[in-house]
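S.K.: Sharing run28.tsv here; it has TSV, C-alpha atoms.
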chain	number	residue	atom	x	y	z
A	13	MET	CA	-41.86	91.23	-102.73
A	14	ASN	CA	-45.03	89.28	-101.96
A	15	GLY	CA	-44.52	85.68	-100.84
A	16	ILE	CA	-44.59	83.11	-103.64
A	17	SER	CA	-46.39	79.87	-102.83
A	18	LEU	CA	-44.94	76.55	-103.99
A	19	ARG	CA	-47.40	74.16	-102.40
A	20	LYS	CA	-45.88	70.83	-103.19
A	21	GLY	CA	-44.03	72.55	-106.02
A	22	ILE	CA	-47.13	72.49	-108.21
A	23	LEU	CA	-48.95	75.81	-107.85
A	24	MET	CA	-46.94	77.68	-110.47
A	25	ASP	CA	-47.77	79.75	-113.49
A	26	ARG	CA	-46.86	78.39	-116.92
A	27	ARG	CA	-43.57	80.26	-117.14
A	28	PHE	CA	-42.55	79.02	-113.69
A	29	THR	CA	-43.48	75.46	-114.66
A	30	ALA	CA	-41.46	75.71	-117.87
A	31	ALA	CA	-38.44	76.99	-116.00
A	32	LEU	CA	-38.57	74.12	-113.54
A	33	LEU	CA	-38.97	71.55	-116.29
A	34	VAL	CA	-35.83	72.89	-117.92
A	35	VAL	CA	-34.01	72.32	-114.65
A	36	PHE	CA	-35.48	68.90	-113.94
A	37	LEU	CA	-34.73	67.69	-117.48
A	38	MET	CA	-31.43	69.46	-118.02
A	39	PRO	CA	-28.38	67.34	-118.90
A	40	CYS	CA	-26.50	66.27	-115.80
A	41	ARG	CA	-23.32	64.40	-115.13
A	42	MET	CA	-23.94	60.66	-115.07
A	43	SER	CA	-21.61	57.76	-114.67
A	44	GLY	CA	-22.33	55.68	-117.76
A	45	PHE	CA	-22.54	52.54	-115.62
A	46	GLU	CA	-25.99	51.05	-115.18
A	47	ALA	CA	-25.64	50.50	-111.43
A	48	GLN	CA	-24.61	54.12	-110.88
A	49	ASP	CA	-27.37	55.35	-113.17
A	50	ASP	CA	-29.95	53.49	-111.09
A	51	LYS	CA	-28.60	55.19	-107.98
A	52	ILE	CA	-28.78	58.58	-109.67
A	53	LYS	CA	-32.41	57.97	-110.67
A	54	ALA	CA	-33.27	56.97	-107.10
A	55	ALA	CA	-31.49	59.99	-105.63
A	56	ARG	CA	-33.10	62.35	-108.14
A	57	SER	CA	-36.51	60.99	-107.13
A	58	GLU	CA	-35.74	61.75	-103.47
A	59	VAL	CA	-34.66	65.30	-104.30
A	60	GLU	CA	-37.75	65.91	-106.43
A	61	SER	CA	-39.95	64.64	-103.59
A	62	PHE	CA	-38.20	66.94	-101.11
A	63	PHE	CA	-38.41	69.88	-103.48
A	64	GLY	CA	-42.07	69.20	-104.19
A	65	LYS	CA	-42.93	69.75	-100.53
A	66	GLY	CA	-42.03	73.41	-100.93
A	67	HIS	CA	-39.15	73.55	-98.44
A	68	VAL	CA	-36.83	75.51	-100.71
A	69	ALA	CA	-36.90	77.88	-103.68
A	70	GLY	CA	-33.82	76.35	-105.32
A	71	LEU	CA	-31.43	73.49	-104.69
A	72	SER	CA	-28.22	72.11	-106.19
A	73	VAL	CA	-26.78	68.65	-105.61
A	74	ALA	CA	-23.53	66.99	-106.69
A	75	VAL	CA	-21.97	63.60	-106.01
A	76	SER	CA	-18.48	62.32	-106.73
A	77	HIS	CA	-17.11	58.79	-106.40
A	78	GLN	CA	-13.47	57.79	-106.63
A	79	GLY	CA	-12.46	61.26	-107.74
A	80	ARG	CA	-15.05	61.69	-110.50
A	81	ILE	CA	-18.27	63.72	-110.46
A	82	ILE	CA	-21.01	61.24	-111.33
A	83	TRP	CA	-24.06	63.46	-110.80
A	84	SER	CA	-24.63	67.20	-110.69
A	85	GLN	CA	-28.02	68.86	-111.09
A	86	GLY	CA	-29.99	71.96	-110.19
A	87	PHE	CA	-33.63	72.08	-109.08
A	88	GLY	CA	-35.98	75.04	-108.80
A	89	LEU	CA	-35.10	78.69	-109.09
A	90	ALA	CA	-32.12	80.84	-108.19
A	91	SER	CA	-34.37	83.90	-108.56
A	92	LEU	CA	-38.10	83.70	-107.98
A	93	GLU	CA	-38.63	87.20	-109.35
A	94	HIS	CA	-36.70	86.65	-112.57
A	95	ARG	CA	-37.51	82.94	-112.95
A	96	THR	CA	-33.83	82.09	-113.21
A	97	PRO	CA	-33.23	78.33	-112.90
A	98	VAL	CA	-30.65	76.77	-110.61
A	99	TRP	CA	-27.75	75.39	-112.65
A	100	PRO	CA	-24.74	73.38	-111.47
A	101	TRP	CA	-22.71	76.61	-111.67
A	102	THR	CA	-25.10	78.62	-109.46
A	103	LYS	CA	-23.26	80.04	-106.44
A	104	PHE	CA	-24.89	79.53	-103.03
A	105	ARG	CA	-23.96	80.65	-99.55
A	106	ILE	CA	-22.36	77.59	-97.99
A	107	ALA	CA	-22.66	78.95	-94.44
A	108	SER	CA	-20.73	76.90	-91.87
A	109	ILE	CA	-19.22	74.57	-94.46
A	110	SER	CA	-16.84	77.55	-94.65
A	111	LYS	CA	-15.36	76.23	-91.40
A	112	SER	CA	-14.23	73.05	-93.15
A	113	LEU	CA	-12.60	75.12	-95.89
A	114	THR	CA	-10.86	77.25	-93.25
A	115	SER	CA	-9.69	74.12	-91.43
A	116	VAL	CA	-7.69	73.10	-94.51
A	117	ALA	CA	-5.85	76.44	-94.40
A	118	VAL	CA	-5.05	75.79	-90.73
A	119	ALA	CA	-3.88	72.26	-91.53
A	120	ARG	CA	-1.64	73.43	-94.39
A	121	LEU	CA	0.06	75.97	-92.14
A	122	TRP	CA	0.54	73.35	-89.42
A	123	GLN	CA	1.84	70.85	-91.99
A	124	GLU	CA	4.40	73.42	-93.18
A	125	GLY	CA	5.55	74.20	-89.63
A	126	LYS	CA	4.19	77.75	-89.74
A	127	LEU	CA	1.45	77.30	-87.14
A	128	ASP	CA	1.66	75.81	-83.65
A	129	LEU	CA	-1.84	74.59	-82.87
A	130	ASP	CA	-1.17	74.65	-79.12
A	131	ALA	CA	0.38	78.10	-78.83
A	132	PRO	CA	-1.73	80.94	-77.39
A	133	VAL	CA	-3.61	82.62	-80.21
A	134	GLN	CA	-1.97	85.95	-79.37
A	135	ARG	CA	1.20	84.65	-81.06
A	136	TYR	CA	-0.66	85.04	-84.38
A	137	ALA	CA	-3.46	87.43	-83.38
A	138	PRO	CA	-1.68	89.88	-81.06
A	139	THR	CA	-4.62	92.31	-80.80
A	140	PHE	CA	-6.95	89.71	-79.32
A	141	PRO	CA	-7.30	90.44	-75.58
A	142	ASP	CA	-6.14	88.05	-72.87
A	143	LYS	CA	-9.09	86.18	-71.36
A	144	GLY	CA	-7.42	84.98	-68.18
A	145	TYR	CA	-6.72	81.56	-69.71
A	146	PRO	CA	-4.61	80.64	-72.74
A	147	ILE	CA	-6.73	79.86	-75.82
A	148	THR	CA	-5.17	77.82	-78.61
A	149	THR	CA	-5.97	77.43	-82.29
A	150	ARG	CA	-6.67	73.74	-81.67
A	151	GLN	CA	-9.34	74.69	-79.12
A	152	LEU	CA	-10.84	77.28	-81.46
A	153	ALA	CA	-11.03	74.80	-84.34
A	154	GLY	CA	-12.66	72.14	-82.14
A	155	HIS	CA	-15.15	74.48	-80.40
A	156	LEU	CA	-13.47	74.00	-77.03
A	157	SER	CA	-12.34	77.61	-76.56
A	158	GLY	CA	-15.14	78.89	-74.34
A	159	LEU	CA	-15.91	81.72	-76.75
A	160	PRO	CA	-19.66	82.28	-77.21
A	161	HIS	CA	-21.56	81.66	-80.43
A	162	TYR	CA	-23.20	84.56	-82.19
A	163	THR	CA	-26.83	85.53	-81.70
A	164	ARG	CA	-29.42	86.32	-84.39
A	165	ASP	CA	-28.62	90.00	-83.94
A	166	ASP	CA	-24.99	89.20	-84.71
A	167	ILE	CA	-25.90	87.19	-87.81
A	168	ILE	CA	-27.85	89.97	-89.50
A	169	ASN	CA	-24.78	92.15	-89.90
A	170	THR	CA	-24.94	95.44	-91.79
A	171	VAL	CA	-21.47	96.75	-90.89
A	172	HIS	CA	-18.67	96.33	-93.40
A	173	TYR	CA	-15.33	95.35	-91.86
A	174	GLY	CA	-12.20	96.12	-93.81
A	175	SER	CA	-10.25	93.15	-92.44
A	176	VAL	CA	-10.66	90.01	-90.35
A	177	THR	CA	-8.80	91.78	-87.54
A	178	GLU	CA	-11.27	94.67	-87.58
A	179	ALA	CA	-14.12	92.16	-87.29
A	180	LEU	CA	-12.76	90.97	-83.93
A	181	ALA	CA	-14.30	94.10	-82.43
A	182	LYS	CA	-17.68	92.45	-82.70
A	183	PHE	CA	-16.98	89.86	-79.98
A	184	GLN	CA	-13.49	90.20	-78.52
A	185	ASP	CA	-14.69	91.87	-75.31
A	186	ARG	CA	-17.32	89.21	-74.51
A	187	GLU	CA	-16.64	86.92	-71.59
A	188	LEU	CA	-15.74	83.26	-71.95
A	189	LEU	CA	-18.51	80.78	-71.20
A	190	PHE	CA	-16.09	78.37	-69.49
A	191	GLU	CA	-12.41	77.62	-69.09
A	192	PRO	CA	-10.95	76.59	-72.48
A	193	GLY	CA	-10.93	72.82	-72.93
A	194	GLU	CA	-13.56	72.21	-70.28
A	195	LYS	CA	-16.46	71.47	-72.63
A	196	TYR	CA	-17.64	71.54	-76.23
A	197	SER	CA	-19.68	74.58	-77.24
A	198	TYR	CA	-20.13	75.50	-80.90
A	199	SER	CA	-18.74	78.97	-81.62
A	200	SER	CA	-18.57	80.68	-84.99
A	201	PHE	CA	-16.77	83.55	-83.30
A	202	GLY	CA	-13.94	81.09	-82.68
A	203	TYR	CA	-13.54	80.61	-86.43
A	204	ASN	CA	-13.60	84.34	-87.04
A	205	LEU	CA	-10.58	84.49	-84.75
A	206	ILE	CA	-8.99	81.63	-86.70
A	207	GLY	CA	-9.14	83.86	-89.78
A	208	VAL	CA	-6.81	86.27	-87.99
A	209	VAL	CA	-4.57	83.38	-86.93
A	210	VAL	CA	-4.25	82.28	-90.57
A	211	GLU	CA	-3.16	85.79	-91.51
A	212	GLY	CA	-0.60	85.95	-88.70
A	213	ALA	CA	0.88	82.53	-89.47
A	214	SER	CA	0.94	82.92	-93.26
A	215	GLY	CA	1.80	86.59	-93.66
A	216	GLN	CA	-1.05	86.88	-96.21
A	217	GLN	CA	-4.53	88.31	-96.01
A	218	PHE	CA	-7.01	85.58	-95.10
A	219	LEU	CA	-9.02	85.66	-98.33
A	220	SER	CA	-5.86	85.78	-100.42
A	221	TYR	CA	-4.42	82.76	-98.62
A	222	MET	CA	-7.64	80.78	-99.07
A	223	GLN	CA	-7.62	81.54	-102.79
A	224	SER	CA	-3.98	80.65	-103.47
A	225	GLU	CA	-3.47	77.76	-101.04
A	226	VAL	CA	-6.86	76.05	-100.86
A	227	PHE	CA	-9.21	76.98	-103.72
A	228	GLU	CA	-6.77	77.07	-106.64
A	229	PRO	CA	-4.90	73.82	-105.80
A	230	LEU	CA	-8.22	72.01	-105.48
A	231	GLY	CA	-9.70	73.37	-108.71
A	232	MET	CA	-12.39	75.39	-106.95
A	233	ARG	CA	-12.87	78.04	-109.62
A	234	HIS	CA	-16.29	79.20	-108.43
A	235	THR	CA	-15.66	79.60	-104.70
A	236	ILE	CA	-15.31	83.16	-103.43
A	237	ALA	CA	-16.16	85.41	-100.51
A	238	ASP	CA	-19.76	86.61	-100.42
A	239	HIS	CA	-19.09	90.33	-100.88
A	240	TYR	CA	-22.39	92.12	-100.31
A	241	GLY	CA	-21.60	95.18	-102.42
A	242	ARG	CA	-20.17	93.42	-105.49
A	243	ILE	CA	-21.79	92.07	-108.61
A	244	ILE	CA	-21.02	88.34	-108.47
A	245	GLU	CA	-21.82	86.29	-111.53
A	246	ASN	CA	-24.28	83.41	-111.00
A	247	ARG	CA	-24.90	84.22	-107.33
A	248	THR	CA	-28.36	83.07	-106.31
A	249	GLU	CA	-30.80	85.28	-104.51
A	250	PHE	CA	-31.64	84.34	-100.93
A	251	TYR	CA	-34.97	83.45	-99.36
A	252	GLN	CA	-36.72	82.49	-96.18
A	253	ARG	CA	-39.85	80.37	-95.98
A	254	GLN	CA	-42.81	81.88	-94.15
A	255	GLU	CA	-45.22	80.08	-91.82
A	256	ASP	CA	-47.89	80.05	-94.53
A	257	GLY	CA	-45.55	78.25	-96.94
A	258	THR	CA	-44.67	81.25	-99.08
A	259	PHE	CA	-41.19	82.63	-99.71
A	260	ALA	CA	-39.87	86.09	-98.92
A	261	ASN	CA	-36.55	87.75	-99.59
A	262	ALA	CA	-34.05	87.09	-96.82
A	263	PRO	CA	-32.67	90.15	-94.98
A	264	ALA	CA	-29.62	91.78	-96.51
A	265	VAL	CA	-26.41	90.87	-94.70
A	266	ASP	CA	-22.76	91.87	-95.00
A	267	ASN	CA	-20.65	88.78	-94.37
A	268	SER	CA	-17.35	90.61	-93.93
A	269	ASP	CA	-17.57	89.76	-90.23
A	270	VAL	CA	-17.70	85.99	-90.78
A	271	TRP	CA	-15.43	85.07	-93.71
A	272	ALA	CA	-13.71	82.14	-91.97
A	273	ALA	CA	-16.80	80.91	-90.12
A	274	GLY	CA	-19.51	81.21	-92.73
A	275	GLY	CA	-18.83	83.78	-95.42
A	276	PHE	CA	-18.07	81.87	-98.62
A	277	LEU	CA	-20.08	81.29	-101.78
A	278	SER	CA	-19.58	78.09	-103.75
A	279	THR	CA	-21.20	75.60	-106.08
A	280	ALA	CA	-22.08	71.99	-105.37
A	281	GLU	CA	-19.51	70.86	-107.94
A	282	ASP	CA	-16.75	72.98	-106.39
A	283	LEU	CA	-17.45	71.51	-102.98
A	284	VAL	CA	-17.28	67.93	-104.21
A	285	ARG	CA	-13.96	68.88	-105.83
A	286	PHE	CA	-12.91	70.17	-102.43
A	287	GLY	CA	-13.93	66.94	-100.73
A	288	GLN	CA	-12.37	64.60	-103.25
A	289	GLY	CA	-9.22	66.74	-103.43
A	290	ILE	CA	-8.46	66.57	-99.75
A	291	ILE	CA	-9.11	62.83	-99.40
A	292	GLN	CA	-6.91	62.21	-102.46
A	293	GLY	CA	-4.03	64.08	-100.81
A	294	LYS	CA	-3.81	67.02	-103.21
A	295	VAL	CA	-3.05	69.54	-100.45
A	296	LEU	CA	-2.78	67.54	-97.21
A	297	LYS	CA	-0.79	64.49	-96.18
A	298	PRO	CA	-2.84	61.52	-94.86
A	299	SER	CA	-1.59	62.15	-91.31
A	300	THR	CA	-2.60	65.79	-91.54
A	301	LEU	CA	-6.04	64.85	-92.81
A	302	GLU	CA	-6.54	62.50	-89.87
A	303	LEU	CA	-5.68	65.40	-87.57
A	304	LEU	CA	-8.77	67.14	-88.95
A	305	PHE	CA	-10.93	64.01	-88.94
A	306	THR	CA	-10.16	62.79	-85.40
A	307	PRO	CA	-12.76	63.75	-82.76
A	308	MET	CA	-11.37	65.98	-80.03
A	309	GLN	CA	-11.87	65.44	-76.33
A	310	THR	CA	-12.75	67.69	-73.44
A	311	ALA	CA	-10.43	68.01	-70.45
A	312	SER	CA	-12.36	65.17	-68.80
A	313	GLY	CA	-11.75	62.87	-71.77
A	314	LYS	CA	-15.25	63.06	-73.29
A	315	SER	CA	-15.34	62.85	-77.08
A	316	THR	CA	-16.89	65.84	-78.81
A	317	GLY	CA	-17.66	64.07	-82.08
A	318	TYR	CA	-15.99	67.03	-83.80
A	319	GLY	CA	-12.45	67.27	-85.12
A	320	LEU	CA	-10.80	70.44	-86.41
A	321	GLY	CA	-13.54	71.90	-88.56
A	322	TRP	CA	-15.27	68.59	-89.23
A	323	ARG	CA	-18.11	66.68	-87.60
A	324	ILE	CA	-17.41	62.95	-87.43
A	325	GLN	CA	-20.32	60.55	-87.10
A	326	PRO	CA	-21.24	57.04	-88.23
A	327	LEU	CA	-23.95	56.26	-90.77
A	328	ASP	CA	-25.00	52.62	-90.68
A	329	GLY	CA	-21.62	51.81	-89.11
A	330	ILE	CA	-19.62	53.71	-91.76
A	331	ARG	CA	-17.50	56.72	-90.82
A	332	THR	CA	-18.68	59.97	-92.34
A	333	VAL	CA	-17.08	63.39	-91.97
A	334	GLY	CA	-18.55	66.66	-93.03
A	335	HIS	CA	-20.37	69.79	-92.03
A	336	SER	CA	-23.77	71.39	-92.24
A	337	GLY	CA	-24.52	75.05	-92.69
A	338	SER	CA	-27.38	77.41	-91.93
A	339	HIS	CA	-27.27	81.13	-92.60
A	340	ILE	CA	-29.53	83.90	-93.83
A	341	GLY	CA	-31.00	82.55	-97.05
A	342	ALA	CA	-28.97	79.35	-97.06
A	343	SER	CA	-28.87	75.74	-95.93
A	344	SER	CA	-26.08	73.34	-96.88
A	345	ARG	CA	-24.67	69.86	-96.33
A	346	LEU	CA	-21.27	68.36	-97.12
A	347	VAL	CA	-20.80	64.63	-96.49
A	348	ILE	CA	-17.59	62.69	-97.13
A	349	LEU	CA	-17.03	58.95	-96.75
A	350	PRO	CA	-13.22	58.86	-96.90
A	351	GLU	CA	-12.79	55.10	-97.12
A	352	GLN	CA	-15.44	54.82	-99.85
A	353	GLN	CA	-14.12	57.85	-101.77
A	354	LEU	CA	-17.64	59.29	-101.83
A	355	VAL	CA	-18.55	62.99	-101.55
A	356	ILE	CA	-22.09	64.40	-101.48
A	357	VAL	CA	-23.08	68.08	-101.44
A	358	ILE	CA	-26.51	69.72	-101.20
A	359	LEU	CA	-26.93	73.51	-101.33
A	360	THR	CA	-30.10	75.59	-101.13
A	361	ASN	CA	-30.97	79.28	-101.28
A	362	THR	CA	-33.48	79.03	-98.42
A	363	GLY	CA	-32.74	79.15	-94.71
A	364	ARG	CA	-33.61	76.33	-92.31
A	365	SER	CA	-34.43	73.86	-95.03
A	366	GLY	CA	-34.13	70.68	-92.97
A	367	LEU	CA	-31.61	68.92	-95.21
A	368	ALA	CA	-30.38	66.29	-92.73
A	369	PRO	CA	-32.85	63.49	-93.65
A	370	LEU	CA	-32.41	64.09	-97.39
A	371	SER	CA	-28.65	64.10	-97.01
A	372	ALA	CA	-28.68	60.79	-95.12
A	373	THR	CA	-31.00	59.19	-97.67
A	374	ILE	CA	-28.88	60.22	-100.64
A	375	THR	CA	-25.73	59.03	-98.88
A	376	ARG	CA	-27.27	55.60	-98.31
A	377	ILE	CA	-28.31	55.40	-101.96
A	378	PHE	CA	-24.76	55.98	-103.17
A	379	LEU	CA	-23.00	53.66	-100.74
A	380	PRO	CA	-20.79	51.31	-102.80
Let's see the structure in the file written out as C-alpha cells.

M.R.:
Amino acid sequence: MNGISLRKGILMDRRFTAALLVVFLMPCRMSGFEAQDDKIKAARSEVESFFGKGHVAGLSVAVSHQGRIIWSQGFGLASLEHRTPVWPWTKFRIASISKSLTSVAVARLWQEGKLDLDAPVQRYAPTFPDKGYPITTRQLAGHLSGLPHYTRDDIINTVHYGSVTEALAKFQDRELLFEPGEKYSYSSFGYNLIGVVVEGASGQQFLSYMQSEVFEPLGMRHTIADHYGRIIENRTEFYQRQEDGTFANAPAVDNSDVWAAGGFLSTAEDLVRFGQGIIQGKVLKPSTLELLFTPMQTASGKSTGYGLGWRIQPLDGIRTVGHSGSHIGASSRLVILPEQQLVIVILTNTGRSGLAPLSATITRIFLP
C-alpha cells in the first residue's frame, strides 16, 4: 500500500477524522475520584500530543492502581486501510514484554520445586549442545549466558517451527560471546531456550503451560501467541514509519521462533491485569516475586540492573520494574511500581515508536 501521511495527526480525510474522533471521545475507564480524573485528563493530553506528532498509526494505554483499572483508552487506527479504530480490546504484539510473561512461568516452576535455576540447561533441554561451559536458566533469564542476540535477518522470520525445540536450530550452533556469568549482554535467543526449559520442567508444551498457569490465573483472556497463519479476532495490523513520515505495512513475520522471547499478542488491559496480579500475589509468593525483581550481578559483582525477565530502575527515587518491547510493527512499554501498586502499559502497532519519554511522563502523572 502507499504510505499514509499523518503529519501531526491532522492531514486526514473526513472518514479518517471521524474514526479518530470516535476513539478520542470513546468511553474509557475512569476512577470516579476527582484527583484521579485530573491525572487521567493530564495523561490523555500527553498521549494525544505524542500521537499528533505522527509517530504511530495506533496506540492503546491502560493504567491500574491498587488492583483496579482506572483508565483504558485507544487512540488512532488498528487498520489504516480499513479505518478500524484502536479499542481497549485491540490485540498488539507486545514484543519483549513476552520475556516478563515467560519469567513468571519460570518462577512458578521454581516455586513448586520443579526447576533448579542453577542446573545446566541440558537437564531440561537435552538437545541443546554443550558450549564448553555450563549455562543455567538463571543466567539465561538475566542475560548473562553469553548467547548472542538475534540480528535483523533473524527477526524477519518466514520459517514456521512446529515446536520451541525445533526453533533451537536457528541459533544453537552459534558460538558464545563470553563465558557465562562474565558480563551482561541482552539475548532474546536465551529466552527462546527458556521456552524449552519450561517444557522440560513442566512436562507441558510451552504455550499450553503459559495459558493454564500464567494467563488464566491472572485473568488474561486476550493474550495469545501471534500465530501468523491464523485468523485472530481484534489483532491489529502492523506498520513501520518511513523517513518521509508516512506509514507502510511492516514485513510479514512468523513468530513461531520467538514465542518465549517476543511472540505474544495482548491488550493493554490484559497486561495491567498481569502486572497487578503478580504484585498482589495471585500466582507468586512475595519472596518469589523479589527473585524476579532483584538485579543480578556479573561474576565481578557488577549489577546488571536486570533481574529475571525484568528491568529494575529508579524513577525520581522510586523503584520501577518492567520491560520494553520492539518488534516488527510493534513498540511496547510495561511499567510497575510495586510499592505504589501502580501499573502502566502502552502498546502501539508501529515499530520504533520512541515510547520511553511518554512512558516516564505518564508514570510521573499517576504517582500517588

S.K.: Hey, which bits of segment 39-151 of chain A sit within 10 Å of segment 356-375 of chain A, and for each residue what's the closest pair of atoms and how far apart in Å (one decimal), counting all atoms listed in the file, rows by chain and increasing number, as CSV?

M.R.:
residue,atom,partner,partner_atom,distance
A:Lys51,CA,A:Ile374,CA,8.9
A:Ile52,CA,A:Ile374,CA,9.2
A:Ala54,CA,A:Ile374,CA,8.5
A:Ala55,CA,A:Ile374,CA,5.6
A:Arg56,CA,A:Ile374,CA,8.9
A:Glu58,CA,A:Leu370,CA,7.3
A:Val59,CA,A:Leu370,CA,7.4
A:Ser61,CA,A:Leu370,CA,9.8
A:Phe62,CA,A:Leu370,CA,7.4
A:Gly66,CA,A:Ser365,CA,9.6
A:His67,CA,A:Ser365,CA,5.8
A:Val68,CA,A:Thr362,CA,5.4
A:Ala69,CA,A:Thr362,CA,6.4
A:Gly70,CA,A:Thr360,CA,5.7
A:Leu71,CA,A:Thr360,CA,4.3
A:Ser72,CA,A:Leu359,CA,5.2
A:Val73,CA,A:Ile358,CA,4.5
A:Ala74,CA,A:Val357,CA,5.4
A:Val75,CA,A:Ile356,CA,4.6
A:Ser76,CA,A:Ile356,CA,6.7
A:His77,CA,A:Ile356,CA,9.0
A:Ile81,CA,A:Ile356,CA,9.8
A:Trp83,CA,A:Ile356,CA,9.6
A:Ser84,CA,A:Val357,CA,9.4
A:Gly86,CA,A:Leu359,CA,9.5
A:Phe87,CA,A:Thr360,CA,9.4
A:Gly88,CA,A:Thr360,CA,9.7
A:Leu89,CA,A:Asn361,CA,8.9
A:Ala90,CA,A:Asn361,CA,7.2
A:Ser91,CA,A:Asn361,CA,9.3
A:Val98,CA,A:Thr360,CA,9.6
A:Thr102,CA,A:Leu359,CA,9.8
A:Lys103,CA,A:Leu359,CA,9.1
A:Phe104,CA,A:Asn361,CA,6.3
A:Arg105,CA,A:Asn361,CA,7.3
A:Ile106,CA,A:Leu359,CA,7.0
A:Ala107,CA,A:Leu359,CA,9.8

S.K.: Mind giving me the straight-line distance from atom CA of Leu189 of chain A to atom CA of Ser214 of chain A in Å, one decimal?

M.R.: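 Between atom CA of Leu189 of chain A and atom CA of Ser214 of chain A the gap is 29.5 Å.
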
S.K.: Identify which of the residues A:Ser268, A:Trp99, A:Ile324, A:Gly174 lies closest to Asn246 of chain A, counting only C-alpha atoms when measuring atom-to-atom distances.

M.R.: A:Trp99

S.K.: Using only C-alpha atoms, pick whichever of A:Ala153, A:Leu121, A:Ala260, A:Ala237 has the shortest atom-to-atom distance to Val210 of chain A.

M.R.: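 Once distances to Val210 of chain A are computed over only C-alpha atoms, the minimum belongs to A:Leu121.
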
S.K.: Counting only C-alpha atoms, what are the residues of segment 59-142 of chain A within 12 Å of segment 305-312 of chain A, and for each of them which pair of atoms is the nearest and at what distance in Å, to one decimal? Sort the table by chain and rising number, as CSV.

M.R.:
residue,atom,partner,partner_atom,distance
A:Ser112,CA,A:Phe305,CA,10.5
A:Ser115,CA,A:Phe305,CA,10.5
A:Val116,CA,A:Phe305,CA,11.1
A:Ala119,CA,A:Phe305,CA,11.2

S.K.: Which residues are close to Ala272 of chain A, i.e. within 8 Å by only C-alpha atoms, leaving aside same-chain residues fewer than 6 positions away? Reply as number ranges by chain.

M.R.: A: 110-111, 114, 203-204, 206-207

S.K.: From the options A:Val209, A:Thr300, A:Glu228, A:Arg376, which residue's atoms come nearest to Pro138 of chain A, counting only C-alpha atoms?

M.R.: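 That would be A:Val209, the residue with the smallest distance to Pro138 of chain A.
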
S.K.: Expressed in Å to a single decimal, how great is the separation between atom CA of His335 of chain A and atom CA of Gly317 of chain A?

M.R.: 11.8 Å

S.K.: Quick one, how far is atom CA of Arg323 of chain A from atom CA of Trp122 of chain A?

M.R.: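 These two atoms are separated by 19.9 Å.
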
S.K.: Calculated over only C-alpha atoms, which of the candidates A:Val133, A:Val226, A:Leu152, A:Val265 has the smallest distance to Asp238 of chain A?

M.R.: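 Among the listed residues, A:Val265 lies closest to Asp238 of chain A.
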
S.K.: Please identify all polymer residues within 12 Å of Lys143 of chain A, counting only C-alpha atoms, omitting same-chain residues fewer than 6 positions from it, and present them as a list of chain:residue names.

M.R.: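 The neighbour list is A:Pro132, A:Val133, A:Gln134, A:Ser157, A:Gly158, A:Leu159, A:Gln184, A:Asp185, A:Arg186, A:Glu187, A:Leu188, A:Leu189, A:Phe190, A:Glu191, A:Pro192.
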
S.K.: For Gly193 of chain A, which of A:Gln151, A:Gln254, A:Ser57, A:Ser338 is the closest residue, counting only C-alpha atoms?

M.R.: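 Checking each candidate against Gly193 of chain A, we get A:Gln151 as the closest.
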
S.K.: Could you tell me which of A:Phe140, A:Thr148, A:Asp165, A:Asp328 comes closest to Leu127 of chain A if we count all atoms listed in the file?

M.R.: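 So, comparing all the options, the nearest one is A:Thr148.
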
S.K.: Could you give me, as a ChimeraX atom specification, the residues within 9 Å of Lys297 of chain A, counting only C-alpha atoms and dropping anything in the same chain fewer than 5 positions from it?

M.R.: /A:123,290,302

S.K.: Name the residues within 12 Å of (-17.8, 54.4, -91.7), counting all atoms listed in the file in the file's coordinates, and put them as a ChimeraX atom specification.

M.R.: /A:324-333,347-354,375-376,379-380

S.K.: Grab segment 48-58 of chain A from that structure and dump N, CA and C atoms to a file, as a short mmCIF file (atom, residue, chain, number, x, y, z; two decimals), in the first residue's frame.

M.R.:
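Listed below is the output, out.cif:
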data_model
loop_
_atom_site.label_atom_id
_atom_site.label_comp_id
_atom_site.auth_asym_id
_atom_site.auth_seq_id
_atom_site.Cartn_x
_atom_site.Cartn_y
_atom_site.Cartn_z
N GLN A 48 -7.99 11.55 40.66
CA GLN A 48 -7.61 10.60 39.63
C GLN A 48 -8.06 11.10 38.27
N ASP A 49 -9.24 11.68 38.19
CA ASP A 49 -9.75 12.17 36.92
C ASP A 49 -8.85 13.26 36.36
N ASP A 50 -8.32 14.12 37.21
CA ASP A 50 -7.40 15.15 36.76
C ASP A 50 -6.12 14.53 36.19
N LYS A 51 -5.67 13.45 36.82
CA LYS A 51 -4.48 12.77 36.32
C LYS A 51 -4.76 12.13 34.96
N ILE A 52 -5.94 11.55 34.82
CA ILE A 52 -6.32 10.93 33.55
C ILE A 52 -6.37 11.98 32.45
N LYS A 53 -6.94 13.14 32.73
CA LYS A 53 -7.01 14.21 31.74
C LYS A 53 -5.61 14.66 31.33
N ALA A 54 -4.71 14.77 32.32
CA ALA A 54 -3.35 15.20 32.01
C ALA A 54 -2.63 14.14 31.18
N ALA A 55 -2.80 12.87 31.54
CA ALA A 55 -2.16 11.79 30.80
C ALA A 55 -2.71 11.69 29.38
N ARG A 56 -4.04 11.83 29.25
CA ARG A 56 -4.65 11.78 27.92
C ARG A 56 -4.08 12.90 27.04
N SER A 57 -3.90 14.07 27.61
CA SER A 57 -3.33 15.18 26.85
C SER A 57 -1.92 14.85 26.34
N GLU A 58 -1.12 14.18 27.19
CA GLU A 58 0.23 13.79 26.78
C GLU A 58 0.19 12.78 25.64
#
